[in-house]
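Source file: protein_7.txt; contents: compact mmCIF, C-alpha atoms.
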```txt
# COMPACT_ATOMS: atom_id res chain seq x y z
CA MET A 1 23.02 -81.35 -46.83
CA THR A 2 25.77 -79.32 -48.43
CA ASP A 3 25.67 -78.56 -52.12
CA GLN A 4 28.18 -80.21 -54.38
CA SER A 5 29.77 -78.75 -57.48
CA VAL A 6 28.78 -80.35 -60.78
CA THR A 7 30.76 -79.72 -63.96
CA PHE A 8 29.39 -81.17 -67.17
CA THR A 9 28.66 -80.51 -70.83
CA LEU A 10 25.12 -79.26 -71.39
CA ASN A 11 23.95 -78.98 -75.00
CA GLY A 12 27.54 -78.61 -76.18
CA GLN A 13 28.58 -76.04 -73.56
CA GLN A 14 30.64 -76.57 -70.44
CA ARG A 15 28.59 -75.72 -67.35
CA GLU A 16 29.30 -75.64 -63.66
CA ALA A 17 26.67 -75.38 -60.98
CA ALA A 18 26.01 -76.49 -57.43
CA ALA A 19 23.44 -79.11 -56.51
CA ASP A 20 22.06 -80.57 -53.31
CA PRO A 21 22.76 -84.33 -53.63
CA ARG A 22 19.06 -85.15 -53.34
CA MET A 23 18.09 -82.94 -56.29
CA HIS A 24 17.28 -84.98 -59.37
CA LEU A 25 18.65 -84.07 -62.77
CA GLY A 26 15.28 -82.85 -64.07
CA ASP A 27 14.81 -80.33 -61.28
CA PHE A 28 18.45 -79.28 -61.62
CA LEU A 29 17.97 -78.49 -65.31
CA ARG A 30 14.74 -76.60 -64.70
CA HIS A 31 15.31 -74.81 -61.39
CA SER A 32 19.08 -74.35 -61.18
CA LEU A 33 19.85 -73.83 -64.86
CA GLY A 34 16.55 -72.37 -66.07
CA LEU A 35 16.07 -74.86 -68.91
CA THR A 36 12.35 -75.44 -68.55
CA GLY A 37 11.99 -77.38 -71.80
CA THR A 38 12.39 -80.63 -69.87
CA HIS A 39 9.04 -81.50 -68.26
CA ILE A 40 8.64 -83.31 -64.98
CA GLY A 41 5.64 -85.62 -64.81
CA CYS A 42 5.44 -88.53 -62.40
CA GLU A 43 8.87 -88.38 -60.70
CA HIS A 44 8.99 -92.14 -60.37
CA GLY A 45 10.11 -93.21 -63.79
CA VAL A 46 6.81 -94.15 -65.36
CA CYS A 47 5.71 -91.34 -67.69
CA GLY A 48 8.86 -90.54 -69.70
CA ALA A 49 8.14 -86.78 -69.94
CA CYS A 50 11.49 -85.91 -68.31
CA THR A 51 13.63 -87.94 -70.75
CA VAL A 52 16.95 -86.30 -71.65
CA ILE A 53 20.03 -87.75 -73.36
CA VAL A 54 22.93 -88.50 -70.98
CA ASP A 55 26.22 -89.63 -72.51
CA GLY A 56 24.35 -90.58 -75.68
CA SER A 57 21.57 -92.63 -74.08
CA PRO A 58 18.00 -91.54 -73.36
CA VAL A 59 17.42 -91.60 -69.59
CA ARG A 60 14.76 -90.51 -67.15
CA SER A 61 16.07 -87.33 -65.56
CA CYS A 62 13.83 -87.82 -62.49
CA LEU A 63 15.71 -91.06 -61.67
CA MET A 64 19.22 -89.60 -61.85
CA LEU A 65 20.76 -87.29 -59.33
CA ALA A 66 22.24 -84.05 -60.60
CA VAL A 67 25.52 -84.87 -58.84
CA GLN A 68 25.78 -88.07 -60.90
CA ILE A 69 26.29 -86.20 -64.17
CA ASP A 70 29.52 -84.59 -62.94
CA GLY A 71 31.98 -85.05 -65.84
CA GLY A 72 29.24 -86.24 -68.20
CA THR A 73 27.28 -84.93 -71.17
CA VAL A 74 23.61 -83.94 -71.15
CA GLU A 75 21.39 -83.03 -74.11
CA THR A 76 17.96 -81.50 -73.55
CA VAL A 77 15.14 -80.49 -75.89
CA GLU A 78 16.71 -77.01 -76.06
CA SER A 79 19.53 -78.57 -78.12
CA LEU A 80 17.15 -79.44 -80.97
CA GLY A 81 15.60 -76.50 -82.82
CA LYS A 82 14.48 -72.99 -81.95
CA PRO A 83 11.14 -71.33 -82.68
CA GLY A 84 11.22 -70.59 -86.41
CA ASP A 85 14.12 -72.96 -86.91
CA LEU A 86 12.86 -76.36 -85.77
CA SER A 87 14.85 -79.57 -86.07
CA PRO A 88 13.68 -82.11 -88.69
CA LEU A 89 12.09 -84.25 -85.97
CA GLN A 90 10.29 -81.24 -84.46
CA LYS A 91 9.05 -80.18 -87.92
CA ALA A 92 7.73 -83.70 -88.49
CA PHE A 93 5.90 -83.60 -85.13
CA SER A 94 4.27 -80.35 -86.20
CA ALA A 95 3.39 -81.61 -89.69
CA ASN A 96 1.88 -84.85 -88.36
CA HIS A 97 0.00 -83.36 -85.38
CA GLY A 98 2.33 -85.34 -83.11
CA LEU A 99 1.39 -83.17 -80.14
CA GLN A 100 -1.60 -81.44 -78.64
CA CYS A 101 -1.04 -80.25 -75.07
CA GLY A 102 2.73 -80.66 -75.46
CA PHE A 103 3.49 -81.99 -72.00
CA CYS A 104 4.98 -85.29 -73.16
CA THR A 105 6.63 -83.74 -76.22
CA PRO A 106 10.15 -82.97 -74.87
CA GLY A 107 10.43 -86.54 -73.58
CA MET A 108 9.10 -87.97 -76.83
CA LEU A 109 11.52 -85.83 -78.86
CA MET A 110 14.60 -86.72 -76.83
CA THR A 111 13.71 -90.43 -76.76
CA LEU A 112 13.22 -90.47 -80.54
CA GLU A 113 16.28 -88.26 -81.16
CA ALA A 114 18.50 -90.81 -79.38
CA PHE A 115 16.65 -93.73 -80.94
CA LEU A 116 16.97 -92.48 -84.53
CA ARG A 117 20.73 -92.01 -84.11
CA THR A 118 21.17 -95.71 -83.38
CA THR A 119 18.27 -96.94 -85.55
CA PRO A 120 18.24 -94.78 -88.70
CA ALA A 121 15.77 -97.01 -90.62
CA PRO A 122 13.18 -98.18 -88.07
CA THR A 123 9.94 -100.04 -88.75
CA GLU A 124 6.68 -98.79 -87.27
CA GLU A 125 6.97 -101.57 -84.67
CA ASP A 126 10.50 -100.41 -83.74
CA VAL A 127 9.22 -96.86 -83.17
CA ARG A 128 6.30 -98.04 -81.07
CA VAL A 129 8.62 -100.11 -78.87
CA ALA A 130 11.06 -97.18 -78.58
CA ILE A 131 8.39 -94.83 -77.24
CA SER A 132 6.70 -97.49 -75.08
CA GLY A 133 8.18 -95.75 -72.03
CA ASN A 134 6.66 -92.38 -72.93
CA ILE A 135 3.03 -91.75 -72.14
CA CYS A 136 0.92 -89.36 -74.25
CA ARG A 137 -2.71 -88.76 -73.32
CA CYS A 138 -3.66 -86.55 -76.30
CA THR A 139 -2.53 -87.92 -79.62
CA GLY A 140 -3.13 -91.66 -79.51
CA TYR A 141 0.52 -91.89 -80.65
CA GLN A 142 -0.37 -92.13 -84.35
CA GLY A 143 1.08 -88.75 -85.30
CA ILE A 144 4.16 -89.28 -83.12
CA VAL A 145 4.96 -92.60 -84.77
CA GLN A 146 4.42 -91.09 -88.23
CA ALA A 147 6.69 -88.15 -87.37
CA ALA A 148 9.52 -90.50 -86.41
CA LEU A 149 9.07 -92.56 -89.58
CA ASP A 150 8.94 -89.43 -91.76
CA THR A 151 12.10 -88.06 -90.15
CA ALA A 152 13.96 -91.32 -90.75
CA SER A 153 12.90 -91.62 -94.39
CA ALA A 154 13.56 -87.92 -95.12
CA LYS A 155 17.07 -88.33 -93.76
CA ALA A 156 17.61 -91.52 -95.79
CA ASN A 157 16.51 -89.68 -98.95
CA ARG A 158 18.91 -86.82 -98.29
CA THR A 159 21.96 -89.05 -97.94
CA MET B 1 7.83 -86.13 -54.76
CA LYS B 2 11.48 -85.50 -54.05
CA ALA B 3 13.92 -87.84 -52.36
CA PRO B 4 14.55 -87.20 -48.66
CA PRO B 5 17.99 -85.84 -47.69
CA PHE B 6 20.97 -88.19 -47.53
CA GLN B 7 24.76 -88.11 -47.47
CA TYR B 8 26.14 -88.83 -50.93
CA HIS B 9 29.25 -90.98 -51.36
CA ARG B 10 30.94 -91.82 -54.64
CA PRO B 11 33.67 -94.45 -54.24
CA GLN B 12 36.00 -94.96 -57.19
CA THR B 13 37.23 -98.45 -56.26
CA ARG B 14 35.97 -101.67 -54.69
CA GLU B 15 38.23 -101.04 -51.69
CA GLU B 16 36.67 -97.62 -51.08
CA LEU B 17 33.24 -99.20 -51.39
CA SER B 18 34.09 -101.93 -48.86
CA ALA B 19 35.43 -99.33 -46.44
CA LEU B 20 32.22 -97.27 -46.72
CA LEU B 21 29.99 -100.33 -46.26
CA SER B 22 31.94 -101.29 -43.12
CA SER B 23 31.80 -97.85 -41.55
CA LEU B 24 28.35 -96.45 -42.44
CA GLU B 25 25.02 -97.23 -40.79
CA ASN B 26 21.75 -97.15 -42.72
CA ALA B 27 23.45 -96.98 -46.12
CA LYS B 28 22.05 -98.00 -49.49
CA ILE B 29 24.01 -98.80 -52.62
CA LEU B 30 22.90 -96.81 -55.68
CA ALA B 31 23.40 -98.86 -58.86
CA GLY B 32 21.29 -97.91 -61.89
CA GLY B 33 18.70 -96.25 -59.67
CA GLN B 34 15.67 -97.42 -61.64
CA SER B 35 14.05 -98.96 -58.54
CA LEU B 36 15.85 -97.22 -55.69
CA MET B 37 15.29 -93.67 -56.98
CA PRO B 38 11.50 -94.12 -57.41
CA MET B 39 11.33 -95.66 -53.93
CA MET B 40 13.20 -92.69 -52.49
CA ASN B 41 11.15 -90.17 -54.48
CA LEU B 42 8.00 -91.86 -53.16
CA ARG B 43 9.55 -91.79 -49.65
CA VAL B 44 9.25 -95.54 -49.27
CA LEU B 45 12.97 -95.53 -48.43
CA ALA B 46 15.02 -92.90 -46.65
CA PRO B 47 18.61 -94.10 -46.24
CA GLU B 48 21.00 -91.84 -44.35
CA HIS B 49 23.80 -92.61 -46.75
CA LEU B 50 23.68 -93.25 -50.48
CA ILE B 51 26.73 -94.99 -51.94
CA ASP B 52 26.84 -94.39 -55.70
CA ILE B 53 28.86 -97.20 -57.31
CA ASN B 54 28.51 -95.96 -60.90
CA ARG B 55 32.14 -94.79 -60.96
CA ILE B 56 33.63 -98.18 -60.03
CA SER B 57 34.39 -99.07 -63.63
CA ASP B 58 35.55 -102.65 -63.11
CA LEU B 59 32.14 -103.70 -61.73
CA ALA B 60 30.72 -103.55 -65.27
CA GLY B 61 31.44 -105.77 -68.24
CA ILE B 62 30.84 -109.26 -69.58
CA ARG B 63 33.57 -111.86 -69.88
CA GLU B 64 33.95 -115.55 -70.50
CA THR B 65 35.85 -117.52 -67.86
CA ALA B 66 36.59 -121.22 -67.37
CA ASP B 67 33.69 -121.34 -64.87
CA GLY B 68 31.12 -119.64 -67.08
CA ILE B 69 30.10 -116.22 -68.31
CA GLU B 70 30.59 -113.49 -65.74
CA ILE B 71 28.37 -110.46 -65.97
CA GLY B 72 29.58 -107.61 -63.80
CA ALA B 73 26.93 -106.39 -61.36
CA MET B 74 27.00 -102.86 -62.82
CA THR B 75 26.52 -103.99 -66.41
CA ARG B 76 23.60 -101.99 -67.83
CA GLN B 77 20.62 -103.95 -69.11
CA ALA B 78 21.10 -102.28 -72.52
CA ASP B 79 24.67 -103.62 -72.64
CA VAL B 80 23.61 -107.15 -71.70
CA LEU B 81 20.95 -106.98 -74.45
CA SER B 82 23.49 -105.99 -77.10
CA SER B 83 26.21 -108.39 -75.94
CA ASP B 84 27.27 -110.89 -78.64
CA ILE B 85 28.43 -113.38 -75.98
CA VAL B 86 25.06 -113.31 -74.23
CA LYS B 87 23.16 -113.49 -77.52
CA ALA B 88 25.11 -116.58 -78.57
CA ARG B 89 25.37 -118.39 -75.24
CA ILE B 90 22.47 -117.29 -73.00
CA PRO B 91 19.61 -116.53 -75.41
CA LEU B 92 17.01 -116.94 -72.64
CA LEU B 93 18.39 -113.87 -70.88
CA ILE B 94 18.01 -111.84 -74.07
CA ARG B 95 14.39 -113.00 -74.49
CA ALA B 96 13.64 -111.92 -70.94
CA LEU B 97 15.49 -108.58 -71.10
CA GLU B 98 13.33 -107.47 -74.02
CA HIS B 99 10.53 -107.33 -71.46
CA VAL B 100 12.46 -105.31 -68.87
CA GLY B 101 11.27 -101.70 -68.75
CA HIS B 102 11.94 -99.35 -71.65
CA ILE B 103 14.99 -98.02 -73.49
CA GLN B 104 15.39 -95.21 -70.98
CA THR B 105 15.36 -97.50 -67.93
CA ARG B 106 17.53 -100.16 -69.61
CA ALA B 107 20.14 -97.49 -70.37
CA ARG B 108 20.63 -97.03 -66.61
CA GLY B 109 19.28 -100.15 -64.93
CA THR B 110 21.79 -102.87 -64.08
CA ILE B 111 21.51 -106.64 -63.82
CA GLY B 112 23.16 -106.56 -60.39
CA GLY B 113 20.78 -103.91 -59.11
CA SER B 114 17.78 -105.98 -60.10
CA CYS B 115 19.28 -109.10 -58.51
CA CYS B 116 19.80 -107.25 -55.21
CA HIS B 117 16.44 -105.46 -55.21
CA LEU B 118 14.47 -108.69 -55.91
CA ASP B 119 11.10 -107.47 -57.01
CA PRO B 120 9.01 -110.66 -57.27
CA SER B 121 8.15 -109.88 -60.90
CA ALA B 122 11.72 -108.98 -61.94
CA GLU B 123 12.86 -110.95 -64.98
CA GLN B 124 16.63 -110.87 -64.36
CA PRO B 125 16.87 -112.63 -60.97
CA ALA B 126 14.22 -115.04 -62.27
CA MET B 127 16.34 -115.96 -65.29
CA CYS B 128 19.33 -116.33 -62.96
CA ALA B 129 17.27 -118.90 -61.06
CA ALA B 130 16.33 -120.71 -64.28
CA LEU B 131 20.00 -120.76 -65.31
CA ASP B 132 21.38 -121.89 -61.90
CA ALA B 133 23.52 -118.76 -61.70
CA GLU B 134 26.07 -118.09 -58.98
CA LEU B 135 26.45 -114.72 -57.32
CA ILE B 136 29.93 -113.49 -56.56
CA VAL B 137 29.80 -111.38 -53.43
CA THR B 138 32.52 -109.43 -51.61
CA GLY B 139 32.41 -108.60 -47.92
CA PRO B 140 34.71 -107.90 -44.96
CA GLU B 141 35.76 -111.57 -44.87
CA GLY B 142 36.58 -111.63 -48.55
CA ARG B 143 34.79 -113.15 -51.50
CA ARG B 144 32.06 -115.79 -51.37
CA ILE B 145 30.05 -117.54 -54.04
CA VAL B 146 26.31 -117.84 -53.39
CA PRO B 147 24.28 -120.30 -55.49
CA ILE B 148 21.09 -118.64 -56.70
CA SER B 149 19.05 -121.26 -54.81
CA GLU B 150 20.33 -119.67 -51.57
CA TRP B 151 20.00 -116.07 -52.75
CA PHE B 152 16.26 -115.46 -52.32
CA GLU B 153 15.30 -114.92 -48.70
CA GLY B 154 11.83 -113.50 -49.23
CA LEU B 155 10.06 -110.48 -50.66
CA LEU B 156 12.71 -107.89 -51.68
CA GLN B 157 15.19 -109.74 -49.48
CA SER B 158 18.44 -111.28 -50.75
CA ALA B 159 21.22 -113.12 -48.94
CA LEU B 160 23.52 -110.11 -49.40
CA GLY B 161 24.93 -109.01 -46.04
CA GLU B 162 24.82 -105.36 -44.96
CA GLN B 163 28.56 -104.95 -45.43
CA GLU B 164 28.70 -106.93 -48.66
CA PHE B 165 28.29 -105.95 -52.29
CA LEU B 166 27.50 -107.99 -55.39
CA GLU B 167 30.45 -108.17 -57.75
CA ALA B 168 29.20 -110.29 -60.60
CA ILE B 169 26.74 -112.93 -61.72
CA ARG B 170 28.20 -116.12 -63.14
CA ILE B 171 26.18 -118.27 -65.50
CA LYS B 172 27.22 -121.61 -66.96
CA PRO B 173 25.65 -121.58 -70.42
CA TRP B 174 23.77 -124.62 -71.65
CA ALA B 175 25.18 -126.45 -74.68
CA LYS B 176 24.58 -124.87 -78.06
CA GLY B 177 21.27 -125.88 -79.64
CA HIS B 178 19.29 -126.07 -76.38
CA GLY B 179 15.69 -124.96 -76.40
CA TYR B 180 14.63 -121.87 -74.47
CA GLY B 181 11.34 -120.10 -74.03
CA PHE B 182 9.94 -117.15 -72.10
CA ALA B 183 6.45 -115.79 -71.54
CA GLU B 184 5.03 -113.12 -69.28
CA TYR B 185 1.82 -111.23 -68.83
CA ALA B 186 1.87 -107.50 -68.09
CA ARG B 187 -0.85 -104.90 -68.53
CA ARG B 188 1.35 -103.04 -71.03
CA HIS B 189 4.70 -103.95 -72.61
CA GLY B 190 7.50 -103.00 -70.21
CA ASP B 191 5.27 -102.82 -67.15
CA PHE B 192 5.88 -105.01 -64.14
CA ALA B 193 4.85 -108.55 -65.02
CA VAL B 194 1.78 -109.89 -63.27
CA ALA B 195 3.29 -113.36 -63.76
CA GLY B 196 5.75 -115.12 -66.04
CA GLY B 197 7.40 -118.38 -66.95
CA ALA B 198 10.64 -119.63 -68.47
CA ALA B 199 11.70 -123.01 -69.80
CA MET B 200 14.92 -124.58 -71.05
CA ILE B 201 15.27 -128.06 -72.50
CA LYS B 202 17.89 -130.29 -74.02
CA ALA B 203 17.19 -133.48 -75.98
CA GLY B 204 19.23 -136.46 -77.05
CA ASN B 205 19.57 -137.94 -80.53
CA ASP B 206 16.40 -139.95 -79.96
CA GLY B 207 14.41 -136.73 -79.49
CA ARG B 208 13.84 -137.39 -75.80
CA ILE B 209 14.39 -134.72 -73.16
CA THR B 210 17.63 -135.16 -71.22
CA ARG B 211 17.60 -131.94 -69.21
CA ALA B 212 14.93 -129.43 -68.27
CA ALA B 213 14.63 -126.22 -66.28
CA LEU B 214 11.20 -124.76 -65.59
CA LEU B 215 10.49 -121.61 -63.65
CA SER B 216 7.57 -119.42 -62.65
CA PHE B 217 8.08 -115.85 -61.47
CA GLY B 218 5.87 -113.06 -60.24
CA VAL B 219 3.60 -115.69 -58.75
CA GLU B 220 5.14 -116.25 -55.30
CA ALA B 221 7.33 -113.77 -53.39
CA SER B 222 10.39 -115.26 -55.14
CA PRO B 223 10.87 -117.06 -58.46
CA ARG B 224 10.10 -120.76 -58.15
CA ARG B 225 11.68 -123.67 -60.03
CA LEU B 226 9.11 -126.37 -60.84
CA SER B 227 11.42 -129.20 -59.83
CA ASP B 228 8.91 -132.07 -59.84
CA ALA B 229 7.84 -131.14 -63.36
CA GLU B 230 11.47 -130.90 -64.46
CA VAL B 231 11.97 -134.52 -63.36
CA ALA B 232 8.72 -135.58 -65.03
CA LEU B 233 9.89 -134.19 -68.39
CA ILE B 234 13.11 -136.24 -68.48
CA GLY B 235 12.89 -139.03 -71.05
CA GLN B 236 9.75 -137.65 -72.71
CA PRO B 237 9.72 -137.35 -76.52
CA ILE B 238 9.54 -133.64 -77.43
CA ASP B 239 6.97 -134.31 -80.15
CA LYS B 240 4.57 -135.89 -77.65
CA LEU B 241 5.12 -134.04 -74.42
CA ASP B 242 2.86 -134.70 -71.48
CA ILE B 243 2.66 -131.17 -70.10
CA GLU B 244 0.09 -132.03 -67.45
CA PRO B 245 2.63 -132.28 -64.56
CA VAL B 246 4.13 -128.93 -65.60
CA VAL B 247 0.84 -127.04 -65.61
CA THR B 248 -0.33 -128.80 -62.45
CA GLU B 249 2.77 -127.81 -60.49
CA ALA B 250 2.59 -124.19 -61.68
CA ARG B 251 -1.10 -123.97 -60.77
CA ALA B 252 -0.40 -125.27 -57.27
CA LEU B 253 1.98 -122.43 -56.36
CA ASP B 254 1.30 -120.27 -53.32
CA ALA B 255 0.28 -117.30 -55.46
CA MET B 256 0.23 -113.71 -54.20
CA GLU B 257 -2.90 -111.59 -54.30
CA ASP B 258 -2.70 -107.84 -54.88
CA VAL B 259 -4.64 -104.89 -56.31
CA HIS B 260 -4.06 -106.15 -59.85
CA VAL B 261 -5.19 -109.76 -59.70
CA THR B 262 -6.47 -112.42 -57.34
CA ALA B 263 -4.32 -115.37 -56.25
CA GLY B 264 -6.53 -117.68 -58.27
CA TYR B 265 -6.03 -115.71 -61.47
CA ARG B 266 -2.27 -115.60 -60.84
CA ARG B 267 -2.22 -119.40 -60.47
CA HIS B 268 -4.14 -119.66 -63.73
CA LEU B 269 -1.59 -117.36 -65.43
CA ALA B 270 1.30 -119.39 -64.00
CA GLY B 271 -0.07 -122.48 -65.74
CA VAL B 272 -0.73 -120.72 -69.05
CA LEU B 273 2.64 -118.97 -69.14
CA ILE B 274 4.79 -121.99 -68.28
CA ARG B 275 2.96 -123.91 -71.03
CA ARG B 276 3.73 -121.14 -73.54
CA ALA B 277 7.36 -120.95 -72.41
CA LEU B 278 7.78 -124.71 -72.73
CA HIS B 279 6.16 -124.68 -76.17
CA GLU B 280 8.58 -121.97 -77.27
CA ALA B 281 11.50 -123.99 -75.86
CA CYS B 282 10.40 -126.94 -78.03
CA THR B 283 10.40 -124.73 -81.14
CA THR B 284 13.80 -123.11 -80.45
CA LEU B 285 15.43 -126.47 -79.67
CA GLU B 286 17.74 -127.42 -82.53
CA ARG B 287 16.77 -130.94 -83.58
CA GLN B 288 19.48 -133.49 -84.12
CA PRO B 289 19.58 -134.56 -87.79
```
Just give me the structure of the file as structure tokens.
Amino acid sequence: MTDQSVTFTLNGQQREAAADPRMHLGDFLRHSLGLTGTHIGCEHGVCGACTVIVDGSPVRSCLMLAVQIDGGTVETVESLGKPGDLSPLQKAFSANHGLQCGFCTPGMLMTLEAFLRTTPAPTEEDVRVAISGNICRCTGYQGIVQAALDTASAKANRT
Amino acid sequence: MKAPPFQYHRPQTREELSALLSSLENAKILAGGQSLMPMMNLRVLAPEHLIDINRISDLAGIRETADGIEIGAMTRQADVLSSDIVKARIPLLIRALEHVGHIQTRARGTIGGSCCHLDPSAEQPAMCAALDAELIVTGPEGRRIVPISEWFEGLLQSALGEQEFLEAIRIKPWAKGHGYGFAEYARRHGDFAVAGGAAMIKAGNDGRITRAALLSFGVEASPRRLSDAEVALIGQPIDKLDIEPVVTEARALDAMEDVHVTAGYRRHLAGVLIRRALHEACTTLERQP
């Protein structure tokens, strides 16, 4: 099938690229645009590793076509911090041992990033429900939940 | 895996959508994509044409009409969940939606998509059946209204014609103060339900039930109203309910067997879950003073 042009805002920058209609957003980000921070796990919407933020909402990038984001806004894990200059949520993951192998981490971070914007003062239960669609096989979730709670309370103390 | 190749179409209006549906063979409508995309990625489905209706803006939205509350087919599950109208008037739907997938899938998944896909364990078409919803459908001959009782035609099979699309779901809310309850069993929160139940009741000043809706889903290929039990509940005092007919009817359903559970266990669950749903409906019912 012929490629279609996709123009959208990626991590604050206008981008234009071509995509085969059958290419999902996750592959598009990784293979066409070279942003390999987004991880692809199950490719049927179960594991949550590929979560990115589209138009403000966390979505599974394996269940959206690249051509569907034409005119939209996408945020990936690359929009958070950089090595040596991590975002508050990333720092909290590090401090709380919220990751081991790191495969689920970009999906966890983008899910929680979107979640904390709409729920700035969550309970532990809220956080657990928010990440219920993200599977981690290393941590037992404890450190991830604590990282989200720490990030929320640190932000509340700052403001 | 990756989806097989297809021709991608992105109509901007209902008219463009109707024209595409009339002219294309082997086409599938792409709504929220939370069931269709996995099925394509797993190569269970390989449509020649994919018609993406996400840009038809007037297919989404919730509004109150003289005939009930109309929920546009493309309304995202997240938007139904946060709707003040739905919270106030159709609380059962909110209870059920909390069990639908996860925040990522609810951000994309639509109520219309679920009602057209008809997974046997899907909560949304099941609640439509409990609420006696009507489906507003548009096709080459114009618009038609399908009562939910005529919508289910079998496993993953709705009454929607090949050249038709679902416009909206219309629900007549029950009077304020009605009781509602929901229960389901899934291996993990947000997973497909193994089985579930829903109940709605209304009572008169004397505390006796005047109206009841009881439903089991995920048990048979389609959601099933427990109509004998609904009749049996009428006139019963809510403080001393005889739930025997309810549990008996649920446990007599023609339950499916699959890799997860046996038919016998599913029948057992159907009985347990309808009892829990009915109990919850009794506690949410606002008693007359």
(request) Give me, please, the distance in Å between atom CA of Val219 of chain B and atom CA of Leu241 of chain B, quoted to one decimal. (result) 24.2 Å
(request) Give the residues of chain A that lie within 6 Å of chain B; count all atoms listed in the file, and format the answer as a ChimeraX atom specification. (result) /A:22,44,58-59,63,133
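Note that atom CA of Thr73 of chain A and atom CA of Gly56 of chain A are 7.8 Å apart.
For the set B:Ala73, B:Ile145, B:Val137, B:Val44, the residue with the smallest atom-to-atom gap to Cys115 of chain B is B:Ala73, counting all atoms listed in the file.
Between atom CA of Glu230 of chain B and atom CA of Ala255 of chain B there is a distance of 19.8 Å.
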(message) Using all atoms listed in the file for the distances, tell me which of B:Asp239, B:Asp119, B:Glu249, B:Glu280 is nearest to Ala221 of chain B.
(response) B:Asp119
(request) May I have the protein, DNA and RNA residues with any atom at most 9 Å from the point (27.4, -86.9, -68.7), counting all atoms listed in the file, written as an NGL selection string? (result) :A and (8-10 or 53-56 or 68-75)
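Candidate residues A:Cys101, A:Ala152, A:Ala92, A:Ile144 were compared for distance to Thr118 of chain A, and the nearest is A:Ala152, using all atoms listed in the file.
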(request) Extract, using all atoms listed in the file, all DNA, RNA and protein residues at most 12 Å from Glu141 of chain B, discarding same-chain residues fewer than 6 positions from it, and format them as a ChimeraX atom specification. (result) /B:18,22,161,163-165
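Remark: for Thr105 of chain A, the closest of the candidate residues A:Cys136, A:Cys42, A:Leu86, A:Val52 is A:Cys136 (distances computed over all atoms listed in the file).
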